[in-house]
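Reviewing the structure listed below.
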Amino acid sequence: MKAIVLLSGGLDSTTTLYWAKYKGYKCSCLIFDYGQRHKREINSAIKIAKIAKCKYDIVKIKLPWSKSALTNKRINIPKRKSGVLSSEIPITYVSARNTIFLSFALSYAESIKASVVLIGANAIDYSGYPDCRPEYYKAYEKVYKLGTKCGIEGTKIKIVTPLINKTKSQIIKLALKLNVPIKWTWSCYTGEKIPCGKCDSCLLRMKGFKEVNILDEIN
């Protein structure tokens with residue numbers, strides 16, 4: 001079966017890709033350049049797609065109205081001295097990002113007759129983004145069914161979120177089991193050469209590796 005994998009180059013999306021391959025899917029990857037300041041992740045995604053021997057396409061999107069710290073360098077990336085994440089939706093939230101990505105993925109999937117779209121969303125250890133929740137993906141699957149020719153004709157395209165209910169440590173354990181090339185993944189929100197270790201994404205990653213009591217291969 002054909003599958004579209006949204007590949008950011010991070011640990012979660014890379015583990016999702018390798019999970020899909022393990023399940024026997026023939027994967028094509030979508031990599032998005034949406035003006036993010038951490039463009040290092042794009043290079044990681046390309047490297048990972050090549051290692052996995054998967055076809056990939058880079059989709060460039062311009063979001064001039066974005067007020068996210070991920071796309072506007074005039075806004076500082078929040079750093080957590082205490083290591084405790086905020087319960088509020090952070091300034092790194094990009095408006096409707098996953099909705100935009102999933103729309104591109106749906107178009108791609110329908111055009112090549114792929115049966116599933118996979119995304120490495122997670123609702124347990126995450127930074128408070130509203131588009132990382134299970135109910136969001138269940139609702140969006142209805143769009144897939146109602147808004148496409150294949151959906152109307154009865155050929156359903158599913159959204160698969162294999163990591164949605166896993167903790168970061170569980171994701172790391174799965175990545176190790178699947179021989180995911182962890183050292184090539186990139187999670188940090190800053191555009192520096194090495195991870196900052198203080199942004200939400202870095203903290204979640206470090207927390208996961210600490211819980212499984214192994215060193216992060218990226219360091």
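Starting from 1 in every chain, residues are counted up; chains themselves are A, B, ... following the order of the structure tokens, and ligands are numbered from 1 as listed.
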
Item to check | Who sits within 12 Å of Pro162 in chain A, only C-alpha atoms, same chain under 3 positions skipped, as a PyMOL selection string | outcome: chain A and resi 5+12-20+23+116-123+134+137+159+165-167+170-171+174

Residue list (strand (DSSP E or B), DSSP) for range 4-194 of chain A, as a PDB file with all heavy atoms, in the first residue's frame:
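result.pdb, freshly written:
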```
ATOM      1  N   ILE A   4       1.670   8.433   2.373  1.00  0.00           N
ATOM      2  CA  ILE A   4       2.334   9.728   2.417  1.00  0.00           C
ATOM      3  C   ILE A   4       2.727   9.987   3.862  1.00  0.00           C
ATOM      4  O   ILE A   4       1.897   9.891   4.768  1.00  0.00           O
ATOM      5  CB  ILE A   4       1.402  10.865   1.944  1.00  0.00           C
ATOM      6  CG1 ILE A   4       0.795  10.541   0.569  1.00  0.00           C
ATOM      7  CG2 ILE A   4       2.166  12.184   1.916  1.00  0.00           C
ATOM      8  CD1 ILE A   4       1.798  10.340  -0.523  1.00  0.00           C
ATOM      9  N   VAL A   5       4.006  10.296   4.080  1.00  0.00           N
ATOM     10  CA  VAL A   5       4.486  10.578   5.426  1.00  0.00           C
ATOM     11  C   VAL A   5       4.928  12.034   5.500  1.00  0.00           C
ATOM     12  O   VAL A   5       5.737  12.487   4.681  1.00  0.00           O
ATOM     13  CB  VAL A   5       5.669   9.659   5.810  1.00  0.00           C
ATOM     14  CG1 VAL A   5       6.168   9.999   7.209  1.00  0.00           C
ATOM     15  CG2 VAL A   5       5.256   8.197   5.741  1.00  0.00           C
ATOM     16  N   LEU A   6       4.376  12.766   6.468  1.00  0.00           N
ATOM     17  CA  LEU A   6       4.816  14.140   6.697  1.00  0.00           C
ATOM     18  C   LEU A   6       6.111  14.075   7.495  1.00  0.00           C
ATOM     19  O   LEU A   6       6.116  13.681   8.664  1.00  0.00           O
ATOM     20  CB  LEU A   6       3.749  14.918   7.460  1.00  0.00           C
ATOM     21  CG  LEU A   6       2.378  15.010   6.782  1.00  0.00           C
ATOM     22  CD1 LEU A   6       1.422  15.844   7.611  1.00  0.00           C
ATOM     23  CD2 LEU A   6       2.500  15.591   5.386  1.00  0.00           C
ATOM     24  N   LYS A  26       4.614   1.521   1.227  1.00  0.00           N
ATOM     25  CA  LYS A  26       5.545   2.138   0.299  1.00  0.00           C
ATOM     26  C   LYS A  26       5.415   3.638   0.495  1.00  0.00           C
ATOM     27  O   LYS A  26       4.412   4.249   0.106  1.00  0.00           O
ATOM     28  CB  LYS A  26       5.217   1.757  -1.147  1.00  0.00           C
ATOM     29  CG  LYS A  26       6.183   2.343  -2.166  1.00  0.00           C
ATOM     30  CD  LYS A  26       5.829   1.933  -3.587  1.00  0.00           C
ATOM     31  CE  LYS A  26       6.803   2.540  -4.582  1.00  0.00           C
ATOM     32  NZ  LYS A  26       6.449   2.180  -5.982  1.00  0.00           N
ATOM     33  N   CYS A  27       6.414   4.234   1.103  1.00  0.00           N
ATOM     34  CA  CYS A  27       6.292   5.607   1.585  1.00  0.00           C
ATOM     35  C   CYS A  27       6.853   6.659   0.635  1.00  0.00           C
ATOM     36  O   CYS A  27       7.933   6.488   0.066  1.00  0.00           O
ATOM     37  CB  CYS A  27       6.983   5.746   2.936  1.00  0.00           C
ATOM     38  SG  CYS A  27       6.322   4.672   4.232  1.00  0.00           S
ATOM     39  N   SER A  28       6.101   7.739   0.502  1.00  0.00           N
ATOM     40  CA  SER A  28       6.581   8.960  -0.142  1.00  0.00           C
ATOM     41  C   SER A  28       6.522  10.049   0.916  1.00  0.00           C
ATOM     42  O   SER A  28       5.525  10.155   1.647  1.00  0.00           O
ATOM     43  CB  SER A  28       5.698   9.331  -1.335  1.00  0.00           C
ATOM     44  OG  SER A  28       5.777   8.355  -2.348  1.00  0.00           O
ATOM     45  N   CYS A  29       7.566  10.851   1.008  1.00  0.00           N
ATOM     46  CA  CYS A  29       7.657  11.843   2.082  1.00  0.00           C
ATOM     47  C   CYS A  29       7.387  13.258   1.576  1.00  0.00           C
ATOM     48  O   CYS A  29       7.807  13.626   0.481  1.00  0.00           O
ATOM     49  CB  CYS A  29       9.046  11.809   2.717  1.00  0.00           C
ATOM     50  SG  CYS A  29       9.500  10.198   3.408  1.00  0.00           S
ATOM     51  N   LEU A  30       6.679  14.010   2.391  1.00  0.00           N
ATOM     52  CA  LEU A  30       6.486  15.434   2.133  1.00  0.00           C
ATOM     53  C   LEU A  30       7.273  16.212   3.180  1.00  0.00           C
ATOM     54  O   LEU A  30       7.095  16.011   4.384  1.00  0.00           O
ATOM     55  CB  LEU A  30       4.998  15.808   2.230  1.00  0.00           C
ATOM     56  CG  LEU A  30       4.139  15.622   0.985  1.00  0.00           C
ATOM     57  CD1 LEU A  30       2.722  16.133   1.253  1.00  0.00           C
ATOM     58  CD2 LEU A  30       4.732  16.329  -0.217  1.00  0.00           C
ATOM     59  N   ILE A  31       8.152  17.082   2.706  1.00  0.00           N
ATOM     60  CA  ILE A  31       8.974  17.919   3.581  1.00  0.00           C
ATOM     61  C   ILE A  31       8.572  19.369   3.324  1.00  0.00           C
ATOM     62  O   ILE A  31       8.553  19.818   2.178  1.00  0.00           O
ATOM     63  CB  ILE A  31      10.464  17.716   3.274  1.00  0.00           C
ATOM     64  CG1 ILE A  31      10.856  16.241   3.471  1.00  0.00           C
ATOM     65  CG2 ILE A  31      11.324  18.622   4.138  1.00  0.00           C
ATOM     66  CD1 ILE A  31      12.235  15.888   2.938  1.00  0.00           C
ATOM     67  N   PHE A  32       8.244  20.098   4.377  1.00  0.00           N
ATOM     68  CA  PHE A  32       7.738  21.458   4.204  1.00  0.00           C
ATOM     69  C   PHE A  32       8.763  22.520   4.601  1.00  0.00           C
ATOM     70  O   PHE A  32       9.342  22.470   5.688  1.00  0.00           O
ATOM     71  CB  PHE A  32       6.468  21.661   5.030  1.00  0.00           C
ATOM     72  CG  PHE A  32       5.288  20.897   4.495  1.00  0.00           C
ATOM     73  CD1 PHE A  32       5.005  19.622   4.952  1.00  0.00           C
ATOM     74  CD2 PHE A  32       4.465  21.457   3.529  1.00  0.00           C
ATOM     75  CE1 PHE A  32       3.921  18.910   4.457  1.00  0.00           C
ATOM     76  CE2 PHE A  32       3.379  20.760   3.029  1.00  0.00           C
ATOM     77  CZ  PHE A  32       3.108  19.472   3.489  1.00  0.00           C
ATOM     78  N   ASP A  33       8.960  23.452   3.692  1.00  0.00           N
ATOM     79  CA  ASP A  33       9.751  24.648   3.959  1.00  0.00           C
ATOM     80  C   ASP A  33       8.747  25.790   4.060  1.00  0.00           C
ATOM     81  O   ASP A  33       8.268  26.305   3.055  1.00  0.00           O
ATOM     82  CB  ASP A  33      10.747  24.890   2.823  1.00  0.00           C
ATOM     83  CG  ASP A  33      11.579  26.149   3.016  1.00  0.00           C
ATOM     84  OD1 ASP A  33      11.294  26.921   3.951  1.00  0.00           O
ATOM     85  OD2 ASP A  33      12.501  26.371   2.212  1.00  0.00           O
ATOM     86  N   LYS A  55      11.075   8.162  -1.668  1.00  0.00           N
ATOM     87  CA  LYS A  55      10.882   9.331  -2.512  1.00  0.00           C
ATOM     88  C   LYS A  55      10.458  10.496  -1.622  1.00  0.00           C
ATOM     89  O   LYS A  55       9.721  10.315  -0.660  1.00  0.00           O
ATOM     90  CB  LYS A  55       9.799   9.047  -3.551  1.00  0.00           C
ATOM     91  CG  LYS A  55       9.499  10.205  -4.499  1.00  0.00           C
ATOM     92  CD  LYS A  55       8.385   9.821  -5.451  1.00  0.00           C
ATOM     93  CE  LYS A  55       8.093  10.960  -6.434  1.00  0.00           C
ATOM     94  NZ  LYS A  55       7.602  12.187  -5.756  1.00  0.00           N
ATOM     95  N   TYR A  56      10.932  11.695  -1.946  1.00  0.00           N
ATOM     96  CA  TYR A  56      10.511  12.846  -1.161  1.00  0.00           C
ATOM     97  C   TYR A  56      10.298  14.061  -2.047  1.00  0.00           C
ATOM     98  O   TYR A  56      10.881  14.180  -3.133  1.00  0.00           O
ATOM     99  CB  TYR A  56      11.526  13.175  -0.059  1.00  0.00           C
ATOM    100  CG  TYR A  56      12.852  13.692  -0.568  1.00  0.00           C
ATOM    101  CD1 TYR A  56      13.064  15.062  -0.763  1.00  0.00           C
ATOM    102  CD2 TYR A  56      13.907  12.823  -0.851  1.00  0.00           C
ATOM    103  CE1 TYR A  56      14.278  15.541  -1.226  1.00  0.00           C
ATOM    104  CE2 TYR A  56      15.128  13.291  -1.318  1.00  0.00           C
ATOM    105  CZ  TYR A  56      15.305  14.654  -1.494  1.00  0.00           C
ATOM    106  OH  TYR A  56      16.509  15.125  -1.965  1.00  0.00           O
ATOM    107  N   ASP A  57       9.418  14.941  -1.596  1.00  0.00           N
ATOM    108  CA  ASP A  57       9.178  16.208  -2.267  1.00  0.00           C
ATOM    109  C   ASP A  57       9.239  17.307  -1.217  1.00  0.00           C
ATOM    110  O   ASP A  57       8.759  17.139  -0.090  1.00  0.00           O
ATOM    111  CB  ASP A  57       7.805  16.226  -2.938  1.00  0.00           C
ATOM    112  CG  ASP A  57       7.761  15.384  -4.201  1.00  0.00           C
ATOM    113  OD1 ASP A  57       8.218  15.879  -5.244  1.00  0.00           O
ATOM    114  OD2 ASP A  57       7.279  14.240  -4.144  1.00  0.00           O
ATOM    115  N   ILE A  58       9.830  18.443  -1.596  1.00  0.00           N
ATOM    116  CA  ILE A  58       9.891  19.593  -0.711  1.00  0.00           C
ATOM    117  C   ILE A  58       8.838  20.602  -1.167  1.00  0.00           C
ATOM    118  O   ILE A  58       8.826  21.020  -2.322  1.00  0.00           O
ATOM    119  CB  ILE A  58      11.279  20.234  -0.728  1.00  0.00           C
ATOM    120  CG1 ILE A  58      12.343  19.223  -0.269  1.00  0.00           C
ATOM    121  CG2 ILE A  58      11.305  21.477   0.174  1.00  0.00           C
ATOM    122  CD1 ILE A  58      13.759  19.718  -0.401  1.00  0.00           C
ATOM    123  N   VAL A  59       7.958  20.953  -0.259  1.00  0.00           N
ATOM    124  CA  VAL A  59       6.895  21.915  -0.559  1.00  0.00           C
ATOM    125  C   VAL A  59       7.232  23.232   0.125  1.00  0.00           C
ATOM    126  O   VAL A  59       7.378  23.282   1.349  1.00  0.00           O
ATOM    127  CB  VAL A  59       5.522  21.405  -0.065  1.00  0.00           C
ATOM    128  CG1 VAL A  59       4.437  22.438  -0.370  1.00  0.00           C
ATOM    129  CG2 VAL A  59       5.182  20.072  -0.705  1.00  0.00           C
ATOM    130  N   LYS A  60       7.373  24.278  -0.653  1.00  0.00           N
ATOM    131  CA  LYS A  60       7.710  25.587  -0.101  1.00  0.00           C
ATOM    132  C   LYS A  60       6.451  26.434   0.030  1.00  0.00           C
ATOM    133  O   LYS A  60       5.705  26.612  -0.940  1.00  0.00           O
ATOM    134  CB  LYS A  60       8.737  26.296  -0.975  1.00  0.00           C
ATOM    135  CG  LYS A  60       9.350  27.518  -0.317  1.00  0.00           C
ATOM    136  CD  LYS A  60      10.585  27.994  -1.068  1.00  0.00           C
ATOM    137  CE  LYS A  60      11.281  29.131  -0.318  1.00  0.00           C
ATOM    138  NZ  LYS A  60      12.522  29.562  -0.992  1.00  0.00           N
ATOM    139  N   VAL A 116      -3.148   5.984   2.843  1.00  0.00           N
ATOM    140  CA  VAL A 116      -3.000   6.602   4.161  1.00  0.00           C
ATOM    141  C   VAL A 116      -2.063   7.797   4.116  1.00  0.00           C
ATOM    142  O   VAL A 116      -1.174   7.886   3.256  1.00  0.00           O
ATOM    143  CB  VAL A 116      -2.475   5.600   5.226  1.00  0.00           C
ATOM    144  CG1 VAL A 116      -3.415   4.425   5.387  1.00  0.00           C
ATOM    145  CG2 VAL A 116      -1.076   5.126   4.891  1.00  0.00           C
ATOM    146  N   VAL A 117      -2.279   8.709   5.052  1.00  0.00           N
ATOM    147  CA  VAL A 117      -1.369   9.813   5.328  1.00  0.00           C
ATOM    148  C   VAL A 117      -0.936   9.644   6.781  1.00  0.00           C
ATOM    149  O   VAL A 117      -1.765   9.490   7.674  1.00  0.00           O
ATOM    150  CB  VAL A 117      -2.055  11.177   5.139  1.00  0.00           C
ATOM    151  CG1 VAL A 117      -1.191  12.300   5.705  1.00  0.00           C
ATOM    152  CG2 VAL A 117      -2.363  11.423   3.673  1.00  0.00           C
ATOM    153  N   LEU A 118       0.366   9.650   7.012  1.00  0.00           N
ATOM    154  CA  LEU A 118       0.894   9.464   8.357  1.00  0.00           C
ATOM    155  C   LEU A 118       1.563  10.729   8.864  1.00  0.00           C
ATOM    156  O   LEU A 118       2.302  11.381   8.125  1.00  0.00           O
ATOM    157  CB  LEU A 118       1.898   8.314   8.403  1.00  0.00           C
ATOM    158  CG  LEU A 118       1.339   6.928   8.107  1.00  0.00           C
ATOM    159  CD1 LEU A 118       1.791   6.458   6.728  1.00  0.00           C
ATOM    160  CD2 LEU A 118       1.774   5.925   9.164  1.00  0.00           C
ATOM    161  N   LYS A 158      -7.057   7.372   4.917  1.00  0.00           N
ATOM    162  CA  LYS A 158      -7.004   7.473   6.372  1.00  0.00           C
ATOM    163  C   LYS A 158      -5.852   8.361   6.833  1.00  0.00           C
ATOM    164  O   LYS A 158      -4.814   8.425   6.186  1.00  0.00           O
ATOM    165  CB  LYS A 158      -6.835   6.078   6.993  1.00  0.00           C
ATOM    166  CG  LYS A 158      -8.013   5.142   6.789  1.00  0.00           C
ATOM    167  CD  LYS A 158      -7.739   3.818   7.489  1.00  0.00           C
ATOM    168  CE  LYS A 158      -8.916   2.859   7.318  1.00  0.00           C
ATOM    169  NZ  LYS A 158      -8.660   1.560   8.010  1.00  0.00           N
ATOM    170  N   ILE A 159      -6.060   9.025   7.949  1.00  0.00           N
ATOM    171  CA  ILE A 159      -4.976   9.725   8.634  1.00  0.00           C
ATOM    172  C   ILE A 159      -4.521   8.814   9.763  1.00  0.00           C
ATOM    173  O   ILE A 159      -5.317   8.446  10.633  1.00  0.00           O
ATOM    174  CB  ILE A 159      -5.430  11.078   9.201  1.00  0.00           C
ATOM    175  CG1 ILE A 159      -5.936  11.989   8.085  1.00  0.00           C
ATOM    176  CG2 ILE A 159      -4.274  11.743   9.953  1.00  0.00           C
ATOM    177  CD1 ILE A 159      -6.482  13.311   8.588  1.00  0.00           C
ATOM    178  N   VAL A 160      -3.270   8.428   9.742  1.00  0.00           N
ATOM    179  CA  VAL A 160      -2.731   7.512  10.748  1.00  0.00           C
ATOM    180  C   VAL A 160      -1.742   8.259  11.642  1.00  0.00           C
ATOM    181  O   VAL A 160      -0.819   8.910  11.146  1.00  0.00           O
ATOM    182  CB  VAL A 160      -2.046   6.299  10.078  1.00  0.00           C
ATOM    183  CG1 VAL A 160      -1.440   5.372  11.138  1.00  0.00           C
ATOM    184  CG2 VAL A 160      -3.047   5.535   9.217  1.00  0.00           C
TER     185      VAL A 160
END
```

Checklist entry - Contacts of Val212 in chain A at 12 Å or less, counting only C-alpha atoms, minus same-chain residues fewer than 3 places along, as number ranges by chain? => result A: 167-176, 205-209, 215-216

Checklist entry - Of the candidates A:Tyr189, A:Trp65, A:Phe104, A:Tyr25, which shows the shortest atom-to-atom distance to Arg37 in chain A, using only C-alpha atoms? => result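 Once distances to Arg37 in chain A are computed over only C-alpha atoms, the minimum belongs to A:Tyr189.
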
Next on the checklist: DSSP on the backbone: which residues in range 74-182 of chain A end up as helix (DSSP H, G or I)? Give the answer as a PyMOL selection string.
Outcome noted: chain A and resi 97-112+130-132+134-146+149-152+168-177+182

Checklist entry - Hey, can you check how far CA of Ala49 in chain A sits from CA of Tyr22 in chain A? => result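 Between these atoms lies a distance of 14.6 Å.
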
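By chain and then residue number, the residues within 7 Å of Leu11 in chain A are Ile182, Thr185, Trp186 and Ser187 of chain A, counting only C-alpha atoms and disregarding those fewer than 5 positions away in sequence.
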
Item to check | Minimum-distance residue to Pro78 in chain A, chosen among A:Glu41, A:Glu217, A:Ala109, A:Leu203 (using only C-alpha atoms) | outcome: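 Comparing A:Glu41, A:Glu217, A:Ala109, A:Leu203 against Pro78 in chain A, the winner is A:Leu203.
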